[in-house]
Amino acid sequence: MSSSFGTLFQVSTFGESHCKAVGVVIDGCPPGLALTEKDIQPQMDRRRPGQSALTTDRQEADQVIILSGTENGKTLGTPIALKVNNKDHRPKDYGDMRDIPRPSHADFTYQMKYGIRASSGGGRSSARETIGTVAAGAVAGKILREKYGVEIVAWVRSIGEIEADPIKATTLTRQDVDTTVVRCPDAQAAEKMAELVGELKEMGDSIGGVVSCIIRNVPTGLGEPTYEKLEAKLAQAMLAIPATKGFEIGSGFAGTRLRGSQHNDPFTVKGDTIGTLTNNSGGIQGGISNGEAITLNIAFKPPATISLPQETIDFEGNKAILEAKGRHDPCVVPRAVPIVEGMAALVILDMAMRQEARNALRF
């Protein structure tokens, strides 16, 4: 089903924005992993609403609860169920929007597809659904760090037309990213970004941006050609995040302006392994990881729900003026950082497990 992702490390998320709880079931987590809520909560805190004046005013602690799959702080190899209760939800805020689909939101398409929808909070189309992704990604990230030394760090590269100076991503940490409220490690750019987002929140408008991500220490050989190339799975994962509109890997679209002689990554000896002098490939060649860092850019559109008056029509085709109520992010990219990291972890771990299974069967 469409709410499940992965092959060997499989996650299935559940819940809507304004139901009693949201969460995820993880199937395929290896037994014996030391795991408690404390291993998951830091990423939940980075994703949660109400964490600064620049985000939605909805106040949720997003305390994760492990319902099953562990005993005495160790995973059992059985399905792990994780839950987060919804507490500060206000369905009444969406009363005026029940009959008027929000422009550029999923209200219209969900209604057309199912003939019914969760009219409060956007239901499954809400970013609240990403709680399950972040929780499962925290588990996957822990396995990747402990078994392979994989490090995944995402950060805000741009908001609107404000772009950070090039970041030395090879040594960047999550602590570096979190030094600014917008999760941009360039302090000067971050200050301008925060000012812009604050102004737009006051106006009732919104803005988009770009999140960059680096995945370091990735084993070689991950990826399943032809239709499940590593970059294809990463693209699928990232574009499954609400509000995403673009995906780049390595040189991305900028690479189209280069010649092959400029773009190719020459091979060289790095210690006791073979690597590349440059990394325009973004760590993946032929759909398979080559051992270099995987570099991604993900574009997020401006949040569709704004409180400014918008001329539109209702579901009956009558002209209407929509002034959305409720509490919404003026810019999603600061809170999208842990979501991108979580999605990346799910893809890399699943592919690593598939490669481990293949290696075990080699003659």
# chains A, B, ... in the order shown; residues from 1 in each chain; ligands from 1
$ closest_atom_pairs --of "stretch 272-303 of chain A" --to "stretch 329-340 of chain A" --cutoff "9 Å" --atoms "only C-alpha atoms" --output "Markdown table"
| residue | atom | partner | partner_atom | distance |
| --- | --- | --- | --- | --- |
| A:Ile298 | CA | A:Val340 | CA | 8.4 |
| A:Ala299 | CA | A:Val333 | CA | 8.9 |
| A:Phe300 | CA | A:Val333 | CA | 6.9 |
| A:Lys301 | CA | A:Val332 | CA | 8.5 |
| A:Pro302 | CA | A:Cys331 | CA | 6.3 |
| A:Pro303 | CA | A:Cys331 | CA | 6.4 |
$ write_last_selection --atoms "C-alpha atoms" --output "PDB file, in the first residue's frame"
ATOM      1  CA  ILE A 298      15.453  19.038  -2.243  1.00  0.00           C
ATOM      2  CA  ALA A 299      13.184  21.929  -3.227  1.00  0.00           C
ATOM      3  CA  PHE A 300      10.169  22.828  -1.050  1.00  0.00           C
ATOM      4  CA  LYS A 301       7.383  25.065  -2.301  1.00  0.00           C
ATOM      5  CA  PRO A 302       5.763  27.779  -0.184  1.00  0.00           C
ATOM      6  CA  PRO A 303       3.172  26.246   2.172  1.00  0.00           C
TER       7      PRO A 303
END
$ residues_around --residues "stretch 246-252 of chain A" --least-positions-apart "3" --cutoff "6 Å" --atoms "only C-alpha atoms" --output "PyMOL selection string"
chain A and resi 255+280-282+295-299
$ residues_around --residues "stretch 23-35 of chain A" --least-positions-apart "2" --cutoff "9 Å" --atoms "only C-alpha atoms" --output "PyMOL selection string"
chain A and resi 7-15+21+37-40+64+69-70+72-85+129-133+135-136+139-140+142-143
$ write_last_selection --atoms "C-alpha atoms" --output "short mmCIF file (atom, residue, chain, number, x, y, z; two decimals), in the first residue's frame"
data_model
loop_
_atom_site.label_atom_id
_atom_site.label_comp_id
_atom_site.auth_asym_id
_atom_site.auth_seq_id
_atom_site.Cartn_x
_atom_site.Cartn_y
_atom_site.Cartn_z
CA THR A 7 11.76 -3.86 1.19
CA LEU A 8 13.72 -5.47 4.04
CA PHE A 9 13.53 -2.54 6.45
CA GLN A 10 9.89 -1.66 5.90
CA VAL A 11 7.91 1.13 7.54
CA SER A 12 4.17 1.75 7.50
CA THR A 13 2.97 5.11 8.81
CA PHE A 14 -0.51 5.84 10.13
CA GLY A 15 -2.66 8.70 11.39
CA ALA A 21 -2.40 9.80 17.35
CA GLU A 37 12.62 6.45 23.34
CA LYS A 38 15.72 8.53 24.15
CA ASP A 39 17.33 7.35 20.91
CA ILE A 40 14.38 8.65 18.87
CA VAL A 64 7.37 9.22 21.13
CA GLY A 69 9.19 -4.71 19.52
CA THR A 70 11.59 -4.11 22.43
CA ASN A 72 14.68 -4.33 28.44
CA GLY A 73 15.90 -1.72 25.98
CA LYS A 74 16.74 -4.19 23.18
CA THR A 75 14.96 -4.83 19.90
CA LEU A 76 13.41 -8.28 19.55
CA GLY A 77 13.40 -8.56 15.75
CA THR A 78 9.61 -8.30 15.81
CA PRO A 79 7.60 -5.29 14.52
CA ILE A 80 8.33 -2.07 16.37
CA ALA A 81 5.30 0.18 16.83
CA LEU A 82 5.93 3.84 17.63
CA LYS A 83 3.18 6.31 18.57
CA VAL A 84 2.89 10.04 19.15
CA ASN A 85 -0.33 11.42 20.60
CA GLU A 129 2.17 12.51 8.94
CA THR A 130 5.96 12.82 8.70
CA ILE A 131 6.26 12.04 12.41
CA GLY A 132 6.33 8.35 11.49
CA THR A 133 9.08 8.92 8.94
CA ALA A 135 10.75 8.25 14.15
CA ALA A 136 11.56 5.31 11.90
CA VAL A 139 15.97 4.01 14.31
CA ALA A 140 17.46 3.43 10.85
CA LYS A 142 21.16 4.53 14.69
CA ILE A 143 21.73 1.21 12.90
#
$ residues_around --residues "A:Ala293" --least-positions-apart "2" --cutoff "7 Å" --atoms "only C-alpha atoms" --output "PyMOL selection string"
chain A and resi 214-218+282-283+291+295
$ write_last_selection --atoms "N, CA and C atoms" --output "PDB file, in the first residue's frame"
ATOM      1  N   ILE A 214      23.888  15.673   3.013  1.00  0.00           N
ATOM      2  CA  ILE A 214      25.064  14.867   2.709  1.00  0.00           C
ATOM      3  C   ILE A 214      24.988  13.573   3.497  1.00  0.00           C
ATOM      4  N   ILE A 215      25.315  12.468   2.831  1.00  0.00           N
ATOM      5  CA  ILE A 215      25.341  11.152   3.464  1.00  0.00           C
ATOM      6  C   ILE A 215      26.774  10.647   3.343  1.00  0.00           C
ATOM      7  N   ARG A 216      27.473  10.591   4.465  1.00  0.00           N
ATOM      8  CA  ARG A 216      28.895  10.259   4.458  1.00  0.00           C
ATOM      9  C   ARG A 216      29.137   8.806   4.878  1.00  0.00           C
ATOM     10  N   ASN A 217      30.269   8.253   4.408  1.00  0.00           N
ATOM     11  CA  ASN A 217      30.710   6.894   4.759  1.00  0.00           C
ATOM     12  C   ASN A 217      29.747   5.822   4.261  1.00  0.00           C
ATOM     13  N   VAL A 218      29.155   6.055   3.105  1.00  0.00           N
ATOM     14  CA  VAL A 218      28.229   5.075   2.517  1.00  0.00           C
ATOM     15  C   VAL A 218      29.031   3.912   1.924  1.00  0.00           C
ATOM     16  N   GLY A 282      27.821  12.805  -7.255  1.00  0.00           N
ATOM     17  CA  GLY A 282      27.054  12.807  -6.016  1.00  0.00           C
ATOM     18  C   GLY A 282      27.080  11.479  -5.300  1.00  0.00           C
ATOM     19  N   GLY A 283      28.163  10.700  -5.469  1.00  0.00           N
ATOM     20  CA  GLY A 283      28.309   9.450  -4.722  1.00  0.00           C
ATOM     21  C   GLY A 283      27.626   8.256  -5.340  1.00  0.00           C
ATOM     22  N   GLY A 291      31.054   4.879  -2.929  1.00  0.00           N
ATOM     23  CA  GLY A 291      31.870   5.094  -1.743  1.00  0.00           C
ATOM     24  C   GLY A 291      32.106   6.545  -1.395  1.00  0.00           C
ATOM     25  N   THR A 295      25.349  13.465  -2.126  1.00  0.00           N
ATOM     26  CA  THR A 295      24.911  14.849  -1.900  1.00  0.00           C
ATOM     27  C   THR A 295      23.597  15.101  -2.619  1.00  0.00           C
TER      28      THR A 295
END
$ select_by_dssp --residues "stretch 247-351 of chain A" --states "strand (DSSP E)" --output "NGL selection string"
:A and (247-249 or 267-270 or 273-276 or 284-285 or 288-289 or 294-300 or 310-313 or 319-322)
$ write_last_selection --atoms "C-alpha atoms" --output "short mmCIF file (atom, residue, chain, number, x, y, z; two decimals), in the first residue's frame"
data_model
loop_
_atom_site.label_atom_id
_atom_site.label_comp_id
_atom_site.auth_asym_id
_atom_site.auth_seq_id
_atom_site.Cartn_x
_atom_site.Cartn_y
_atom_site.Cartn_z
CA PHE A 247 15.23 16.80 -6.41
CA GLU A 248 18.90 17.01 -7.39
CA ILE A 249 21.82 14.70 -6.81
CA PHE A 267 39.42 7.79 -10.21
CA THR A 268 42.33 7.89 -7.77
CA VAL A 269 43.80 5.86 -4.91
CA LYS A 270 42.57 6.93 -1.47
CA THR A 273 40.59 2.03 -1.60
CA ILE A 274 39.73 3.58 -4.96
CA GLY A 275 37.85 6.88 -4.91
CA THR A 276 37.28 9.91 -7.13
CA ILE A 284 26.30 7.32 -7.15
CA GLN A 285 27.27 5.93 -10.57
CA ILE A 288 25.07 2.18 -7.34
CA SER A 289 26.96 3.92 -4.51
CA ILE A 294 26.05 11.24 -1.46
CA THR A 295 24.91 14.85 -1.90
CA LEU A 296 21.30 15.90 -2.42
CA ASN A 297 19.21 19.05 -2.84
CA ILE A 298 15.45 19.04 -2.24
CA ALA A 299 13.18 21.93 -3.23
CA PHE A 300 10.17 22.83 -1.05
CA GLN A 310 -7.56 34.29 -2.03
CA GLU A 311 -10.14 34.36 -4.79
CA THR A 312 -11.17 30.80 -5.60
CA ILE A 313 -14.29 28.60 -5.85
CA LYS A 319 -16.99 31.94 -6.34
CA ALA A 320 -15.51 32.26 -2.87
CA ILE A 321 -12.94 34.19 -0.90
CA LEU A 322 -10.80 31.96 1.28
#
$ closest_residue --among "A:His105, A:Arg48, A:His263, A:Lys245" --to "A:Gln63" --atoms "only C-alpha atoms"
A:Arg48
$ closest_residue --among "A:Ile162, A:Ile207, A:Cys19, A:Val156" --to "A:Ala118" --atoms "only C-alpha atoms"
A:Cys19
$ select_by_dssp --residues "stretch 62-222 of chain A" --states "alpha helix (DSSP H)" --output "ChimeraX atom specification"
/A:107-114,130-148,174-177,187-203
$ atom_distance --atom1 "atom CA of A:Val182" --atom2 "atom CA of A:Pro166"
16.4 Å
$ residues_around --residues "A:Thr171" --least-positions-apart "2" --cutoff "12 Å" --atoms "only C-alpha atoms" --output "PDB file with C-alpha atoms, in the first residue's frame"
ATOM      1  CA  GLU A 151      26.538  10.024   8.949  1.00  0.00           C
ATOM      2  CA  ILE A 152      23.548  11.924   7.551  1.00  0.00           C
ATOM      3  CA  VAL A 153      23.347  15.697   7.920  1.00  0.00           C
ATOM      4  CA  ILE A 167      29.096  24.913   3.204  1.00  0.00           C
ATOM      5  CA  LYS A 168      32.023  22.601   3.993  1.00  0.00           C
ATOM      6  CA  ALA A 169      29.691  19.642   4.241  1.00  0.00           C
ATOM      7  CA  THR A 173      27.386  18.248  12.084  1.00  0.00           C
ATOM      8  CA  ARG A 174      23.770  18.450  13.192  1.00  0.00           C
ATOM      9  CA  GLN A 175      24.952  20.592  16.081  1.00  0.00           C
ATOM     10  CA  ASP A 176      26.402  23.057  13.567  1.00  0.00           C
ATOM     11  CA  VAL A 177      23.103  23.126  11.704  1.00  0.00           C
ATOM     12  CA  PRO A 185      24.881  27.017   9.289  1.00  0.00           C
ATOM     13  CA  ILE A 214      25.064  14.867   2.709  1.00  0.00           C
ATOM     14  CA  ILE A 215      25.341  11.152   3.464  1.00  0.00           C
ATOM     15  CA  ARG A 216      28.895  10.259   4.458  1.00  0.00           C
ATOM     16  CA  ASN A 217      30.710   6.894   4.759  1.00  0.00           C
ATOM     17  CA  ALA A 293      29.580  11.097  -0.076  1.00  0.00           C
TER      18      ALA A 293
END
$ residues_around --residues "stretch 230-240 of chain A" --least-positions-apart "3" --cutoff "6 Å" --atoms "only C-alpha atoms" --output "count of residues only"
5
$ atom_distance --atom1 "atom CA of A:Glu195" --atom2 "atom CA of A:Thr56"
15.7 Å
$ decode --residues "stretch 32-68 of chain A" --atoms "N, CA and C atoms" --output "tab-separated table (two decimals), in the first residue's frame"
chain	number	residue	atom	x	y	z
A	32	GLY	N	18.42	-7.25	18.90
A	32	GLY	CA	19.60	-6.97	19.71
A	32	GLY	C	20.09	-5.55	19.68
A	33	LEU	N	19.39	-4.65	18.93
A	33	LEU	CA	19.79	-3.24	18.89
A	33	LEU	C	19.35	-2.56	20.18
A	34	ALA	N	20.25	-1.85	20.83
A	34	ALA	CA	19.88	-1.08	22.01
A	34	ALA	C	19.00	0.08	21.56
A	35	LEU	N	17.76	0.12	22.05
A	35	LEU	CA	16.82	1.13	21.58
A	35	LEU	C	15.81	1.50	22.66
A	36	THR	N	15.74	2.79	22.97
A	36	THR	CA	14.71	3.33	23.85
A	36	THR	C	14.18	4.61	23.22
A	37	GLU	N	13.17	5.19	23.84
A	37	GLU	CA	12.62	6.45	23.34
A	37	GLU	C	13.68	7.55	23.27
A	38	LYS	N	14.69	7.49	24.14
A	38	LYS	CA	15.72	8.53	24.15
A	38	LYS	C	16.54	8.54	22.87
A	39	ASP	N	16.60	7.41	22.17
A	39	ASP	CA	17.33	7.35	20.91
A	39	ASP	C	16.55	8.02	19.78
A	40	ILE	N	15.25	8.14	19.93
A	40	ILE	CA	14.38	8.65	18.87
A	40	ILE	C	13.98	10.10	19.11
A	41	GLN	N	13.81	10.48	20.37
A	41	GLN	CA	13.23	11.77	20.71
A	41	GLN	C	14.00	12.99	20.17
A	42	PRO	N	15.34	12.98	20.12
A	42	PRO	CA	16.02	14.18	19.62
A	42	PRO	C	15.58	14.60	18.23
A	43	GLN	N	15.37	13.65	17.33
A	43	GLN	CA	14.90	14.00	15.99
A	43	GLN	C	13.44	14.46	16.00
A	44	MET	N	12.65	13.90	16.90
A	44	MET	CA	11.26	14.34	17.04
A	44	MET	C	11.21	15.80	17.50
A	45	ASP	N	12.12	16.16	18.40
A	45	ASP	CA	12.17	17.53	18.91
A	45	ASP	C	12.55	18.51	17.80
A	46	ARG	N	13.40	18.08	16.88
A	46	ARG	CA	13.81	18.95	15.79
A	46	ARG	C	12.69	19.13	14.76
A	47	ARG	N	11.77	18.18	14.69
A	47	ARG	CA	10.66	18.24	13.73
A	47	ARG	C	9.40	18.89	14.29
A	48	ARG	N	9.24	18.89	15.60
A	48	ARG	CA	7.96	19.22	16.21
A	48	ARG	C	7.54	20.67	15.92
A	49	PRO	N	6.23	20.92	15.95
A	49	PRO	CA	5.73	22.28	15.75
A	49	PRO	C	5.95	23.13	16.99
A	50	GLY	N	5.86	24.45	16.83
A	50	GLY	CA	5.93	25.36	17.96
A	50	GLY	C	7.31	25.50	18.57
A	51	GLN	N	8.36	25.09	17.86
A	51	GLN	CA	9.70	25.13	18.45
A	51	GLN	C	10.34	26.50	18.36
A	52	SER	N	9.77	27.41	17.57
A	52	SER	CA	10.28	28.78	17.50
A	52	SER	C	9.18	29.70	17.02
A	53	ALA	N	9.44	31.00	17.06
A	53	ALA	CA	8.46	31.99	16.62
A	53	ALA	C	8.27	31.96	15.11
A	54	LEU	N	9.13	31.24	14.39
A	54	LEU	CA	9.05	31.20	12.93
A	54	LEU	C	8.25	30.02	12.41
A	55	THR	N	7.77	29.15	13.30
A	55	THR	CA	7.01	27.99	12.88
A	55	THR	C	5.54	28.17	13.26
A	56	THR	N	4.74	27.14	12.95
A	56	THR	CA	3.35	27.15	13.36
A	56	THR	C	3.24	27.32	14.88
A	57	ASP	N	2.14	27.94	15.32
A	57	ASP	CA	1.94	28.15	16.76
A	57	ASP	C	1.35	26.92	17.45
A	58	ARG	N	1.05	25.87	16.68
A	58	ARG	CA	0.56	24.64	17.30
A	58	ARG	C	1.61	24.11	18.26
A	59	GLN	N	1.20	23.77	19.47
A	59	GLN	CA	2.12	23.31	20.50
A	59	GLN	C	1.94	21.80	20.72
A	60	GLU	N	2.94	21.05	20.30
A	60	GLU	CA	2.94	19.60	20.51
A	60	GLU	C	4.31	19.18	21.02
A	61	ALA	N	4.33	18.41	22.09
A	61	ALA	CA	5.61	17.91	22.61
A	61	ALA	C	6.16	16.79	21.75
A	62	ASP	N	5.26	16.08	21.04
A	62	ASP	CA	5.65	14.98	20.15
A	62	ASP	C	6.50	13.95	20.86
A	63	GLN	N	6.06	13.57	22.07
A	63	GLN	CA	6.76	12.55	22.83
A	63	GLN	C	6.48	11.17	22.22
A	64	VAL	N	7.54	10.51	21.77
A	64	VAL	CA	7.37	9.22	21.13
A	64	VAL	C	7.25	8.11	22.18
A	65	ILE	N	6.39	7.14	21.90
A	65	ILE	CA	6.17	6.00	22.80
A	65	ILE	C	6.42	4.72	22.01
A	66	ILE	N	7.29	3.85	22.53
A	66	ILE	CA	7.50	2.54	21.92
A	66	ILE	C	6.45	1.59	22.46
A	67	LEU	N	5.59	1.11	21.58
A	67	LEU	CA	4.49	0.23	22.00
A	67	LEU	C	4.88	-1.24	21.97
A	68	SER	N	5.77	-1.61	21.05
A	68	SER	CA	6.10	-3.03	20.91
A	68	SER	C	7.46	-3.18	20.23
